[in-house]
Structures are given as structure tokens and as C-alpha cells.
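Structure below is start_21.pdb: PDB, C-alpha atoms, pLDDT in the B column.
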```pdb
ATOM      1  CA  MET A   1       3.625 -23.040 -21.070  1.00 87.00           C
ATOM      2  CA  ASP A   2       7.165 -23.333 -19.706  1.00 94.00           C
ATOM      3  CA  PHE A   3       8.242 -21.125 -16.851  1.00 96.00           C
ATOM      4  CA  ASP A   4      11.322 -20.587 -14.680  1.00 97.00           C
ATOM      5  CA  LYS A   5       9.656 -19.561 -11.440  1.00 97.00           C
ATOM      6  CA  GLU A   6       6.195 -19.868  -9.950  1.00 97.00           C
ATOM      7  CA  LEU A   7       4.398 -17.405  -7.659  1.00 98.00           C
ATOM      8  CA  ASP A   8       1.300 -18.421  -5.743  1.00 98.00           C
ATOM      9  CA  ALA A   9      -0.635 -15.219  -5.031  1.00 97.00           C
ATOM     10  CA  ARG A  10      -3.957 -16.960  -4.484  1.00 97.00           C
ATOM     11  CA  GLY A  11      -6.027 -15.534  -1.651  1.00 95.00           C
ATOM     12  CA  LEU A  12      -4.102 -12.264  -1.685  1.00 95.00           C
ATOM     13  CA  ASN A  13      -5.769  -8.956  -2.376  1.00 95.00           C
ATOM     14  CA  CYS A  14      -4.635  -5.710  -4.004  1.00 93.00           C
ATOM     15  CA  PRO A  15      -1.826  -4.662  -4.067  1.00 96.00           C
ATOM     16  CA  LEU A  16      -0.117  -7.807  -2.713  1.00 96.00           C
ATOM     17  CA  PRO A  17      -0.116  -9.879  -5.946  1.00 96.00           C
ATOM     18  CA  ILE A  18       1.678  -7.037  -7.748  1.00 97.00           C
ATOM     19  CA  LEU A  19       4.145  -6.470  -4.897  1.00 96.00           C
ATOM     20  CA  ARG A  20       4.963 -10.194  -4.697  1.00 96.00           C
ATOM     21  CA  CYS A  21       5.285 -10.357  -8.486  1.00 97.00           C
ATOM     22  CA  LYS A  22       7.749  -7.471  -8.473  1.00 96.00           C
ATOM     23  CA  LYS A  23       9.804  -9.293  -5.844  1.00 96.00           C
ATOM     24  CA  ALA A  24       9.694 -12.582  -7.741  1.00 97.00           C
ATOM     25  CA  LEU A  25      10.780 -10.870 -10.968  1.00 97.00           C
ATOM     26  CA  ALA A  26      13.808  -9.498  -9.146  1.00 96.00           C
ATOM     27  CA  GLU A  27      14.833 -13.074  -8.362  1.00 97.00           C
ATOM     28  CA  ILE A  28      14.964 -14.306 -11.963  1.00 97.00           C
ATOM     29  CA  THR A  29      17.222 -13.222 -14.787  1.00 97.00           C
ATOM     30  CA  ASP A  30      16.265 -11.114 -17.793  1.00 97.00           C
ATOM     31  CA  GLY A  31      14.184 -13.007 -20.342  1.00 96.00           C
ATOM     32  CA  GLN A  32      13.084 -15.720 -17.914  1.00 97.00           C
ATOM     33  CA  VAL A  33       9.393 -16.451 -17.397  1.00 97.00           C
ATOM     34  CA  LEU A  34       7.432 -16.074 -14.168  1.00 98.00           C
ATOM     35  CA  LYS A  35       4.136 -17.882 -13.691  1.00 98.00           C
ATOM     36  CA  VAL A  36       1.681 -16.166 -11.323  1.00 98.00           C
ATOM     37  CA  MET A  37      -1.485 -17.682  -9.909  1.00 97.00           C
ATOM     38  CA  ALA A  38      -4.043 -15.291  -8.410  1.00 97.00           C
ATOM     39  CA  THR A  39      -7.655 -15.197  -7.284  1.00 96.00           C
ATOM     40  CA  ASP A  40      -8.139 -11.433  -6.998  1.00 95.00           C
ATOM     41  CA  PRO A  41     -10.466 -10.466  -9.891  1.00 93.00           C
ATOM     42  CA  GLY A  42      -8.797  -7.042  -9.955  1.00 94.00           C
ATOM     43  CA  SER A  43      -5.474  -8.690 -10.751  1.00 95.00           C
ATOM     44  CA  VAL A  44      -6.469  -9.239 -14.403  1.00 95.00           C
ATOM     45  CA  LYS A  45      -6.420  -5.533 -15.185  1.00 95.00           C
ATOM     46  CA  ASP A  46      -3.642  -4.842 -12.695  1.00 96.00           C
ATOM     47  CA  PHE A  47      -1.174  -7.283 -14.241  1.00 97.00           C
ATOM     48  CA  GLN A  48      -1.874  -5.899 -17.698  1.00 96.00           C
ATOM     49  CA  ALA A  49      -1.248  -2.385 -16.367  1.00 96.00           C
ATOM     50  CA  PHE A  50       1.847  -3.522 -14.470  1.00 97.00           C
ATOM     51  CA  CYS A  51       3.417  -5.059 -17.557  1.00 97.00           C
ATOM     52  CA  LYS A  52       2.516  -2.108 -19.756  1.00 95.00           C
ATOM     53  CA  GLN A  53       4.191   0.313 -17.376  1.00 95.00           C
ATOM     54  CA  THR A  54       7.276  -1.698 -16.446  1.00 95.00           C
ATOM     55  CA  GLY A  55       8.207  -3.195 -19.805  1.00 94.00           C
ATOM     56  CA  HIS A  56       7.852  -6.829 -18.754  1.00 97.00           C
ATOM     57  CA  GLU A  57       5.971  -8.909 -21.306  1.00 97.00           C
ATOM     58  CA  LEU A  58       2.623 -10.492 -20.456  1.00 97.00           C
ATOM     59  CA  LEU A  59       2.853 -13.697 -22.497  1.00 97.00           C
ATOM     60  CA  SER A  60      -0.496 -15.157 -21.509  1.00 96.00           C
ATOM     61  CA  LEU A  61      -3.498 -14.718 -19.284  1.00 96.00           C
ATOM     62  CA  GLU A  62      -5.730 -17.700 -18.571  1.00 96.00           C
ATOM     63  CA  THR A  63      -8.837 -18.001 -16.456  1.00 95.00           C
ATOM     64  CA  GLN A  64      -9.466 -21.344 -14.803  1.00 91.00           C
ATOM     65  CA  GLU A  65     -12.705 -21.284 -12.830  1.00 89.00           C
ATOM     66  CA  LYS A  66     -11.976 -18.638 -10.215  1.00 91.00           C
ATOM     67  CA  GLU A  67      -8.241 -18.561 -10.747  1.00 96.00           C
ATOM     68  CA  PHE A  68      -6.162 -16.396 -13.006  1.00 97.00           C
ATOM     69  CA  ILE A  69      -2.839 -17.547 -14.389  1.00 97.00           C
ATOM     70  CA  PHE A  70      -0.324 -15.136 -15.834  1.00 97.00           C
ATOM     71  CA  HIS A  71       2.934 -15.818 -17.613  1.00 98.00           C
ATOM     72  CA  ILE A  72       5.285 -12.856 -17.553  1.00 98.00           C
ATOM     73  CA  ARG A  73       8.635 -12.623 -19.315  1.00 98.00           C
ATOM     74  CA  LYS A  74      11.117 -10.427 -17.500  1.00 97.00           C
ATOM     75  CA  GLN A  75      12.231  -7.433 -19.502  1.00 95.00           C
ATOM     76  CA  ILE A  76      15.600  -7.760 -21.190  1.00 93.00           C
ATOM     77  CA  LYS A  77      17.507  -4.605 -20.407  1.00 85.00           C
ATOM     78  CA  SER A  78      19.880  -3.778 -23.243  1.00 73.00           C
TER      79      SER A  78
ATOM     80  CA  MET B   1      14.264   8.739 -15.808  1.00 79.00           C
ATOM     81  CA  SER B   2      11.657   7.237 -13.513  1.00 92.00           C
ATOM     82  CA  LYS B   3       8.337   8.890 -12.760  1.00 97.00           C
ATOM     83  CA  LYS B   4       7.750  10.475  -9.392  1.00 98.00           C
ATOM     84  CA  LEU B   5       4.868  10.261  -6.928  1.00 98.00           C
ATOM     85  CA  ALA B   6       4.463  12.660  -3.991  1.00 98.00           C
ATOM     86  CA  LEU B   7       1.856  11.921  -1.331  1.00 98.00           C
ATOM     87  CA  ILE B   8       0.723  13.768   1.756  1.00 98.00           C
ATOM     88  CA  ALA B   9      -0.711  11.457   4.432  1.00 98.00           C
ATOM     89  CA  SER B  10      -2.777  13.481   6.885  1.00 98.00           C
ATOM     90  CA  LYS B  11      -5.022  10.898   8.531  1.00 97.00           C
ATOM     91  CA  GLY B  12      -4.209   8.428  11.275  1.00 96.00           C
ATOM     92  CA  THR B  13      -7.044   5.913  11.320  1.00 96.00           C
ATOM     93  CA  LEU B  14      -6.840   2.266  10.270  1.00 96.00           C
ATOM     94  CA  ASP B  15      -8.999   2.784   7.172  1.00 95.00           C
ATOM     95  CA  TRP B  16      -7.240   5.920   5.958  1.00 96.00           C
ATOM     96  CA  ALA B  17      -3.828   4.388   6.564  1.00 97.00           C
ATOM     97  CA  TYR B  18      -4.402   2.185   3.519  1.00 97.00           C
ATOM     98  CA  PRO B  19      -4.489   4.604   0.556  1.00 98.00           C
ATOM     99  CA  PRO B  20      -1.042   6.169   1.044  1.00 98.00           C
ATOM    100  CA  PHE B  21       0.723   2.857   1.732  1.00 98.00           C
ATOM    101  CA  ILE B  22      -1.081   0.969  -1.065  1.00 98.00           C
ATOM    102  CA  LEU B  23      -0.398   3.681  -3.629  1.00 98.00           C
ATOM    103  CA  ALA B  24       3.198   4.195  -2.533  1.00 98.00           C
ATOM    104  CA  SER B  25       4.132   0.494  -2.497  1.00 97.00           C
ATOM    105  CA  THR B  26       2.433  -0.094  -5.860  1.00 97.00           C
ATOM    106  CA  ALA B  27       4.054   2.949  -7.451  1.00 97.00           C
ATOM    107  CA  ALA B  28       7.431   1.717  -6.204  1.00 97.00           C
ATOM    108  CA  ALA B  29       6.696  -1.658  -7.855  1.00 97.00           C
ATOM    109  CA  LEU B  30       6.030   0.286 -11.054  1.00 96.00           C
ATOM    110  CA  ASP B  31       9.478   1.854 -10.704  1.00 95.00           C
ATOM    111  CA  TYR B  32       8.266   5.255  -9.526  1.00 97.00           C
ATOM    112  CA  GLU B  33      10.388   7.236  -7.140  1.00 98.00           C
ATOM    113  CA  VAL B  34       8.080   7.866  -4.179  1.00 98.00           C
ATOM    114  CA  GLN B  35       7.941  10.169  -1.182  1.00 98.00           C
ATOM    115  CA  ILE B  36       5.226  10.364   1.463  1.00 98.00           C
ATOM    116  CA  PHE B  37       5.033  13.403   3.699  1.00 98.00           C
ATOM    117  CA  PHE B  38       3.284  12.545   6.978  1.00 98.00           C
ATOM    118  CA  THR B  39       1.623  15.474   8.663  1.00 97.00           C
ATOM    119  CA  PHE B  40      -0.754  15.964  11.582  1.00 97.00           C
ATOM    120  CA  TYR B  41      -2.626  12.728  12.393  1.00 97.00           C
ATOM    121  CA  GLY B  42      -0.871  10.984   9.534  1.00 97.00           C
ATOM    122  CA  LEU B  43       2.260  11.090  11.646  1.00 97.00           C
ATOM    123  CA  THR B  44       0.744   8.317  13.775  1.00 96.00           C
ATOM    124  CA  LEU B  45       1.384   5.948  10.855  1.00 97.00           C
ATOM    125  CA  LEU B  46       5.130   6.296  11.366  1.00 97.00           C
ATOM    126  CA  LYS B  47       5.144   5.219  14.993  1.00 97.00           C
ATOM    127  CA  LYS B  48       7.028   2.019  15.806  1.00 96.00           C
ATOM    128  CA  ASP B  49       3.903   0.278  17.022  1.00 94.00           C
ATOM    129  CA  ILE B  50       0.918   0.781  14.736  1.00 95.00           C
ATOM    130  CA  SER B  51      -1.029  -2.232  15.948  1.00 93.00           C
ATOM    131  CA  ASP B  52      -3.371   0.103  17.833  1.00 93.00           C
ATOM    132  CA  LEU B  53      -4.736   1.981  14.797  1.00 96.00           C
ATOM    133  CA  LYS B  54      -8.504   2.285  15.038  1.00 95.00           C
ATOM    134  CA  VAL B  55     -11.476   2.882  12.808  1.00 94.00           C
ATOM    135  CA  SER B  56     -14.541   4.745  14.021  1.00 89.00           C
ATOM    136  CA  PRO B  57     -18.058   4.479  12.630  1.00 86.00           C
ATOM    137  CA  LEU B  58     -18.947   7.679  14.537  1.00 87.00           C
ATOM    138  CA  GLY B  59     -19.515  10.510  12.113  1.00 84.00           C
ATOM    139  CA  ASN B  60     -18.933   8.126   9.223  1.00 85.00           C
ATOM    140  CA  PRO B  61     -22.361   7.247   7.778  1.00 84.00           C
ATOM    141  CA  GLY B  62     -20.687   5.763   4.703  1.00 85.00           C
ATOM    142  CA  MET B  63     -19.204   2.877   6.669  1.00 85.00           C
ATOM    143  CA  PRO B  64     -20.987  -0.409   5.868  1.00 85.00           C
ATOM    144  CA  MET B  65     -22.475  -1.861   9.064  1.00 82.00           C
ATOM    145  CA  PRO B  66     -23.653  -5.445   9.611  1.00 80.00           C
ATOM    146  CA  VAL B  67     -26.855  -4.074  11.169  1.00 83.00           C
ATOM    147  CA  PRO B  68     -28.230  -0.632  10.313  1.00 82.00           C
ATOM    148  CA  MET B  69     -28.110   1.663  13.331  1.00 81.00           C
ATOM    149  CA  PRO B  70     -28.424   5.386  13.957  1.00 83.00           C
ATOM    150  CA  ASN B  71     -25.069   7.128  13.891  1.00 82.00           C
ATOM    151  CA  LEU B  72     -25.675   8.572  17.365  1.00 83.00           C
ATOM    152  CA  LEU B  73     -25.492   5.058  18.844  1.00 83.00           C
ATOM    153  CA  GLN B  74     -21.919   4.765  17.612  1.00 84.00           C
ATOM    154  CA  MET B  75     -20.833   6.906  20.551  1.00 86.00           C
ATOM    155  CA  ILE B  76     -21.636   4.134  23.037  1.00 88.00           C
ATOM    156  CA  PRO B  77     -18.401   3.052  24.759  1.00 90.00           C
ATOM    157  CA  GLY B  78     -16.880   0.013  23.092  1.00 90.00           C
ATOM    158  CA  MET B  79     -18.371   0.651  19.656  1.00 88.00           C
ATOM    159  CA  GLU B  80     -15.075   1.935  18.264  1.00 90.00           C
ATOM    160  CA  LEU B  81     -13.227  -1.076  19.614  1.00 92.00           C
ATOM    161  CA  MET B  82     -15.831  -3.413  18.148  1.00 91.00           C
ATOM    162  CA  ALA B  83     -15.754  -1.714  14.749  1.00 91.00           C
ATOM    163  CA  THR B  84     -11.951  -1.918  14.754  1.00 94.00           C
ATOM    164  CA  MET B  85     -11.976  -5.613  15.636  1.00 94.00           C
ATOM    165  CA  MET B  86     -14.507  -6.353  12.915  1.00 92.00           C
ATOM    166  CA  MET B  87     -12.511  -4.390  10.371  1.00 93.00           C
ATOM    167  CA  LYS B  88      -9.294  -6.213  11.254  1.00 95.00           C
ATOM    168  CA  GLN B  89     -11.094  -9.548  10.990  1.00 95.00           C
ATOM    169  CA  LYS B  90     -12.386  -8.617   7.546  1.00 93.00           C
ATOM    170  CA  ILE B  91      -8.942  -7.442   6.441  1.00 94.00           C
ATOM    171  CA  ALA B  92      -7.442 -10.808   7.433  1.00 93.00           C
ATOM    172  CA  ASN B  93     -10.274 -12.852   5.890  1.00 94.00           C
ATOM    173  CA  LYS B  94     -10.107 -11.104   2.533  1.00 93.00           C
ATOM    174  CA  GLY B  95      -6.353 -11.425   2.103  1.00 93.00           C
ATOM    175  CA  VAL B  96      -5.814  -7.686   2.431  1.00 95.00           C
ATOM    176  CA  ALA B  97      -2.336  -6.776   3.641  1.00 95.00           C
ATOM    177  CA  SER B  98      -1.833  -5.354   7.125  1.00 95.00           C
ATOM    178  CA  ILE B  99      -0.665  -1.768   7.431  1.00 97.00           C
ATOM    179  CA  GLU B 100       2.563  -3.027   8.993  1.00 96.00           C
ATOM    180  CA  ALA B 101       3.233  -5.219   5.954  1.00 95.00           C
ATOM    181  CA  LEU B 102       2.524  -2.409   3.496  1.00 96.00           C
ATOM    182  CA  ARG B 103       4.715   0.019   5.416  1.00 97.00           C
ATOM    183  CA  THR B 104       7.543  -2.530   5.429  1.00 96.00           C
ATOM    184  CA  ALA B 105       7.058  -3.043   1.686  1.00 96.00           C
ATOM    185  CA  CYS B 106       7.370   0.718   1.211  1.00 97.00           C
ATOM    186  CA  LEU B 107      10.568   0.930   3.240  1.00 96.00           C
ATOM    187  CA  GLU B 108      12.074  -2.103   1.500  1.00 95.00           C
ATOM    188  CA  SER B 109      11.348  -0.713  -1.945  1.00 94.00           C
ATOM    189  CA  GLY B 110      12.966   2.622  -1.210  1.00 96.00           C
ATOM    190  CA  VAL B 111       9.913   4.802  -0.609  1.00 97.00           C
ATOM    191  CA  LYS B 112      11.047   7.863   1.326  1.00 98.00           C
ATOM    192  CA  LEU B 113       8.917   8.469   4.420  1.00 97.00           C
ATOM    193  CA  ILE B 114       9.141  12.003   5.771  1.00 97.00           C
ATOM    194  CA  ALA B 115       7.775  13.079   9.143  1.00 96.00           C
ATOM    195  CA  CYS B 116       6.558  16.653   9.366  1.00 96.00           C
ATOM    196  CA  GLN B 117       8.924  18.242  11.895  1.00 95.00           C
ATOM    197  CA  MET B 118       6.372  20.861  12.947  1.00 94.00           C
ATOM    198  CA  THR B 119       3.818  18.161  13.856  1.00 95.00           C
ATOM    199  CA  VAL B 120       6.482  16.199  15.739  1.00 94.00           C
ATOM    200  CA  ASP B 121       7.092  19.300  17.873  1.00 94.00           C
ATOM    201  CA  LEU B 122       3.404  20.136  18.161  1.00 95.00           C
ATOM    202  CA  PHE B 123       2.431  16.738  19.549  1.00 95.00           C
ATOM    203  CA  ASP B 124       5.643  16.311  21.592  1.00 95.00           C
ATOM    204  CA  PHE B 125       6.662  13.163  19.747  1.00 95.00           C
ATOM    205  CA  LYS B 126      10.247  11.994  20.156  1.00 93.00           C
ATOM    206  CA  PRO B 127      12.462  10.760  17.327  1.00 91.00           C
ATOM    207  CA  GLU B 128      12.686   7.374  19.059  1.00 92.00           C
ATOM    208  CA  ASP B 129       8.886   6.986  18.827  1.00 93.00           C
ATOM    209  CA  PHE B 130       9.219   6.410  15.100  1.00 96.00           C
ATOM    210  CA  VAL B 131      10.124   3.466  12.920  1.00 95.00           C
ATOM    211  CA  GLU B 132      13.686   3.417  11.619  1.00 94.00           C
ATOM    212  CA  GLY B 133      14.572   4.662   8.181  1.00 93.00           C
ATOM    213  CA  ILE B 134      12.415   7.796   8.069  1.00 95.00           C
ATOM    214  CA  GLU B 135      13.456  11.396   7.601  1.00 95.00           C
ATOM    215  CA  PHE B 136      12.265  14.653   9.112  1.00 96.00           C
ATOM    216  CA  GLY B 137      11.435  17.786   7.189  1.00 95.00           C
ATOM    217  CA  GLY B 138       9.099  20.677   6.562  1.00 94.00           C
ATOM    218  CA  ALA B 139       6.878  22.043   3.815  1.00 94.00           C
ATOM    219  CA  ALA B 140       9.846  23.208   1.751  1.00 93.00           C
ATOM    220  CA  THR B 141      11.266  19.671   1.888  1.00 93.00           C
ATOM    221  CA  PHE B 142       7.976  18.372   0.496  1.00 94.00           C
ATOM    222  CA  PHE B 143       7.981  20.851  -2.375  1.00 95.00           C
ATOM    223  CA  GLU B 144      11.557  20.059  -3.325  1.00 94.00           C
ATOM    224  CA  PHE B 145      10.305  16.655  -4.466  1.00 96.00           C
ATOM    225  CA  ALA B 146       6.625  17.444  -5.165  1.00 96.00           C
ATOM    226  CA  GLY B 147       7.554  20.276  -7.516  1.00 96.00           C
ATOM    227  CA  GLU B 148       9.136  17.849  -9.925  1.00 97.00           C
ATOM    228  CA  SER B 149       6.678  14.965  -9.408  1.00 97.00           C
ATOM    229  CA  ASP B 150       4.319  13.525 -12.009  1.00 97.00           C
ATOM    230  CA  VAL B 151       1.577  12.736  -9.486  1.00 97.00           C
ATOM    231  CA  ASN B 152       0.774  14.630  -6.275  1.00 98.00           C
ATOM    232  CA  LEU B 153      -1.987  13.515  -3.908  1.00 98.00           C
ATOM    233  CA  PHE B 154      -3.269  14.769  -0.578  1.00 98.00           C
ATOM    234  CA  ILE B 155      -4.781  11.966   1.489  1.00 97.00           C
TER     235      ILE B 155
END
```
Would you mind writing the file's structure down as C-alpha cells?
Amino acid sequence: MDFDKELDARGLNCPLPILRCKKALAEITDGQVLKVMATDPGSVKDFQAFCKQTGHELLSLETQEKEFIFHIRKQIKS
Amino acid sequence: MSKKLALIASKGTLDWAYPPFILASTAAALDYEVQIFFTFYGLTLLKKDISDLKVSPLGNPGMPMPVPMPNLLQMIPGMELMATMMMKQKIANKGVASIEALRTACLESGVKLIACQMTVDLFDFKPEDFVEGIEFGGAATFFEFAGESDVNLFI
């Protein structure tokens, strides 16, 4: 999947992946896609909850061995 | 309008420093407006240098220990220091953020940190003892925000 920015949150534990993701989203423009790589098993639920509450769109969630890859589209504020 | 989270941080040990800063920084990332009111021992968490926060296994039978030992033995001099060193090692190994980093994240994301003025007076702290960017206030200050908050927690 195409993306505009990549965030490597591997090895980080709660709540760092979410905090870094929030920061990374602030650095892209509305509608762009952020790819996040994480190893924290808790991040699967956390990223779903984060997107649900903030309005950003979780495009995909893949599990590759012990890594989790998220694609998040930044909310377009009308 | 954004949701609001009001926390009271009342404990000043390394372990109990985590919940308020984790919740506050995460809530800020979720676009909450957040205030933490630091009172009594929690005030320690606002000092400029928080590298000396400690954790004590004494009186804390719930703390996982590498070797089982009677709680009474935890009072031996040096045990607190050892437990603190081991905890810090674990924190670093597991990719858990330091308290300093979480506090900075809170300040950067606009979390309002309020020092309880009464406790400042009680313990003879000076304003210059504290990290920059905090405010001072009393119980009424807390309620001004807490009264209209969606989530209120005492930690």
C-alpha cells in the first residue's frame, strides 16, 4: 500500500507508539497516509481505538510475524 | 468541543509516576483537554530533576520479585536502591518511556500541570524547584476544570 510518511515504532511500549503517531500525523497534510510499524501487541487495539476517537481512518492492519503494520489516513477537516 | 480529563496525582514514587503521565499524554493525543493537579507526594513529580524517583518493595507484597523473599527483608539498607535500579533497567529494556519523556510529552501537547499551593507551602518547596510551564493553585482551581470534565481520576 502507498504511503506518504513512515513511522518506526518498533521496540516501543505503550503509550509511545500512539504519541509518536500523533506527532507524525501532525507532520503530514490532511488525506495523506502514514505507515506505522510496531511490535507492542497492545498497539493493535490501541491504534483501532485511537483512530475511532480521533477521526483518522485506519486503512489496514497487517501482522507480519511479531510486527504490526498500520496504514492510517489523516482526517480531512472540512 | 473536545473532551476533558482531570487527574489528581498524589503519589511520588517511580512506579506511581507512570499512570498520571501515561493517561494524560495519551488523552492529549486523543485531543482531550487535560489537567493534572499534583498534591502531596505527587508534587515531587514536578521537580526539575526527577531522575531520583524511587520504587520500594517494602510494604508492597504485590511487586514481582526475581527471588521470593519475606517482605520484612526489604527493609535492609540498599534494597530500595537495588529495586529502583532493577526497575529502571526493566523500563529501558522493554521500551517503556522514562518519566521525564512522558512529562515532556505532556507539556509539549498542552497538558496543564498544576502544583497544589498548600503542599508547596507545607513542604517548603520553592517555585524555582519546579519544571517550567506549570501553574499553582488550590482545590477550587481543580474543581473549576474537574467540574466540567468527562473523566476524573484520583491516582
Original post:
Could you write out as number ranges by chain the residues of chain B within 7 Å of chain A, counting all atoms listed in the file?
Top reply: B: 22, 26, 29-30, 94-97
Original post:
Residues picked by the PyMOL selection byres ((chain B and resi 11) around 6) here, as a ChimeraX atom specification?
Top reply: /B:9-10,12,41-42
Original post:
So, counting only C-alpha atoms, which residue among A:Gln75, A:Thr39, A:Gln64, A:Gln48 is closest to Ala26 in chain A?
Top reply: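 The closest residue to Ala26 in chain A is A:Gln75.
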**OP:** Could you check which of A:Leu34, A:Phe70, A:Asp8, A:Ile76 is closest to Asp46 in chain A, using all atoms listed in the file?
**Re:**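 Among the listed residues, the smallest separation from Asp46 in chain A belongs to A:Phe70.
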**OP:** Quick one: pull the distance between CA of Lys47 in chain B and CA of Thr141 in chain B, Å, one decimal.
**Re:** 20.4 Å
Reconstruct N, CA and C atoms of range 20-45 of chain A from the incomplete input and present them as an mmCIF file, keeping the file's coordinate frame.
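Heads up, here's the output in result-v3.cif:
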```cif
data_model
loop_
_atom_site.group_PDB
_atom_site.id
_atom_site.type_symbol
_atom_site.label_atom_id
_atom_site.label_comp_id
_atom_site.auth_asym_id
_atom_site.auth_seq_id
_atom_site.Cartn_x
_atom_site.Cartn_y
_atom_site.Cartn_z
ATOM 1 N N ARG A 20 4.256 -8.899 -4.720
ATOM 2 C CA ARG A 20 4.963 -10.194 -4.697
ATOM 3 C C ARG A 20 5.559 -10.496 -6.069
ATOM 4 N N CYS A 21 4.825 -10.124 -7.118
ATOM 5 C CA CYS A 21 5.285 -10.357 -8.486
ATOM 6 C C CYS A 21 6.569 -9.569 -8.745
ATOM 7 N N LYS A 22 6.567 -8.325 -8.302
ATOM 8 C CA LYS A 22 7.749 -7.471 -8.473
ATOM 9 C C LYS A 22 8.976 -8.115 -7.803
ATOM 10 N N LYS A 23 8.733 -8.649 -6.592
ATOM 11 C CA LYS A 23 9.804 -9.293 -5.844
ATOM 12 C C LYS A 23 10.301 -10.541 -6.571
ATOM 13 N N ALA A 24 9.351 -11.337 -7.062
ATOM 14 C CA ALA A 24 9.694 -12.582 -7.741
ATOM 15 C C ALA A 24 10.476 -12.290 -9.030
ATOM 16 N N LEU A 25 10.082 -11.227 -9.727
ATOM 17 C CA LEU A 25 10.780 -10.870 -10.968
ATOM 18 C C LEU A 25 12.235 -10.472 -10.689
ATOM 19 N N ALA A 26 12.449 -9.908 -9.503
ATOM 20 C CA ALA A 26 13.808 -9.498 -9.146
ATOM 21 C C ALA A 26 14.701 -10.715 -8.911
ATOM 22 N N GLU A 27 14.060 -11.872 -8.676
ATOM 23 C CA GLU A 27 14.833 -13.074 -8.362
ATOM 24 C C GLU A 27 15.137 -13.939 -9.582
ATOM 25 N N ILE A 28 14.629 -13.556 -10.750
ATOM 26 C CA ILE A 28 14.964 -14.306 -11.963
ATOM 27 C C ILE A 28 15.795 -13.417 -12.887
ATOM 28 N N THR A 29 16.376 -14.022 -13.892
ATOM 29 C CA THR A 29 17.222 -13.222 -14.787
ATOM 30 C C THR A 29 16.416 -12.722 -15.978
ATOM 31 N N ASP A 30 16.938 -11.725 -16.645
ATOM 32 C CA ASP A 30 16.265 -11.114 -17.793
ATOM 33 C C ASP A 30 15.871 -12.176 -18.819
ATOM 34 N N GLY A 31 14.647 -12.085 -19.307
ATOM 35 C CA GLY A 31 14.184 -13.007 -20.342
ATOM 36 C C GLY A 31 13.546 -14.270 -19.803
ATOM 37 N N GLN A 32 13.712 -14.530 -18.504
ATOM 38 C CA GLN A 32 13.084 -15.720 -17.914
ATOM 39 C C GLN A 32 11.588 -15.467 -17.693
ATOM 40 N N VAL A 33 10.850 -16.559 -17.494
ATOM 41 C CA VAL A 33 9.393 -16.451 -17.397
ATOM 42 C C VAL A 33 8.905 -16.772 -15.981
ATOM 43 N N LEU A 34 8.049 -15.897 -15.488
ATOM 44 C CA LEU A 34 7.432 -16.074 -14.168
ATOM 45 C C LEU A 34 5.960 -16.442 -14.357
ATOM 46 N N LYS A 35 5.559 -17.506 -13.662
ATOM 47 C CA LYS A 35 4.136 -17.882 -13.691
ATOM 48 C C LYS A 35 3.497 -17.399 -12.390
ATOM 49 N N VAL A 36 2.372 -16.680 -12.508
ATOM 50 C CA VAL A 36 1.681 -16.166 -11.323
ATOM 51 C C VAL A 36 0.265 -16.717 -11.277
ATOM 52 N N MET A 37 -0.108 -17.245 -10.115
ATOM 53 C CA MET A 37 -1.485 -17.682 -9.909
ATOM 54 C C MET A 37 -2.151 -16.734 -8.935
ATOM 55 N N ALA A 38 -3.353 -16.241 -9.277
ATOM 56 C CA ALA A 38 -4.043 -15.291 -8.410
ATOM 57 C C ALA A 38 -5.542 -15.558 -8.400
ATOM 58 N N THR A 39 -6.187 -15.066 -7.358
ATOM 59 C CA THR A 39 -7.655 -15.197 -7.284
ATOM 60 C C THR A 39 -8.340 -13.828 -7.227
ATOM 61 N N ASP A 40 -7.567 -12.785 -7.061
ATOM 62 C CA ASP A 40 -8.139 -11.433 -6.998
ATOM 63 C C ASP A 40 -8.630 -11.034 -8.397
ATOM 64 N N PRO A 41 -9.948 -10.813 -8.553
ATOM 65 C CA PRO A 41 -10.466 -10.466 -9.891
ATOM 66 C C PRO A 41 -9.840 -9.177 -10.432
ATOM 67 N N GLY A 42 -9.419 -8.300 -9.529
ATOM 68 C CA GLY A 42 -8.797 -7.042 -9.955
ATOM 69 C C GLY A 42 -7.419 -7.253 -10.555
ATOM 70 N N SER A 43 -6.840 -8.447 -10.291
ATOM 71 C CA SER A 43 -5.474 -8.690 -10.751
ATOM 72 C C SER A 43 -5.392 -8.776 -12.272
ATOM 73 N N VAL A 44 -6.491 -9.108 -12.938
ATOM 74 C CA VAL A 44 -6.469 -9.239 -14.403
ATOM 75 C C VAL A 44 -6.047 -7.910 -15.031
ATOM 76 N N LYS A 45 -6.762 -6.858 -14.654
ATOM 77 C CA LYS A 45 -6.420 -5.533 -15.185
ATOM 78 C C LYS A 45 -5.078 -5.052 -14.633
#
```
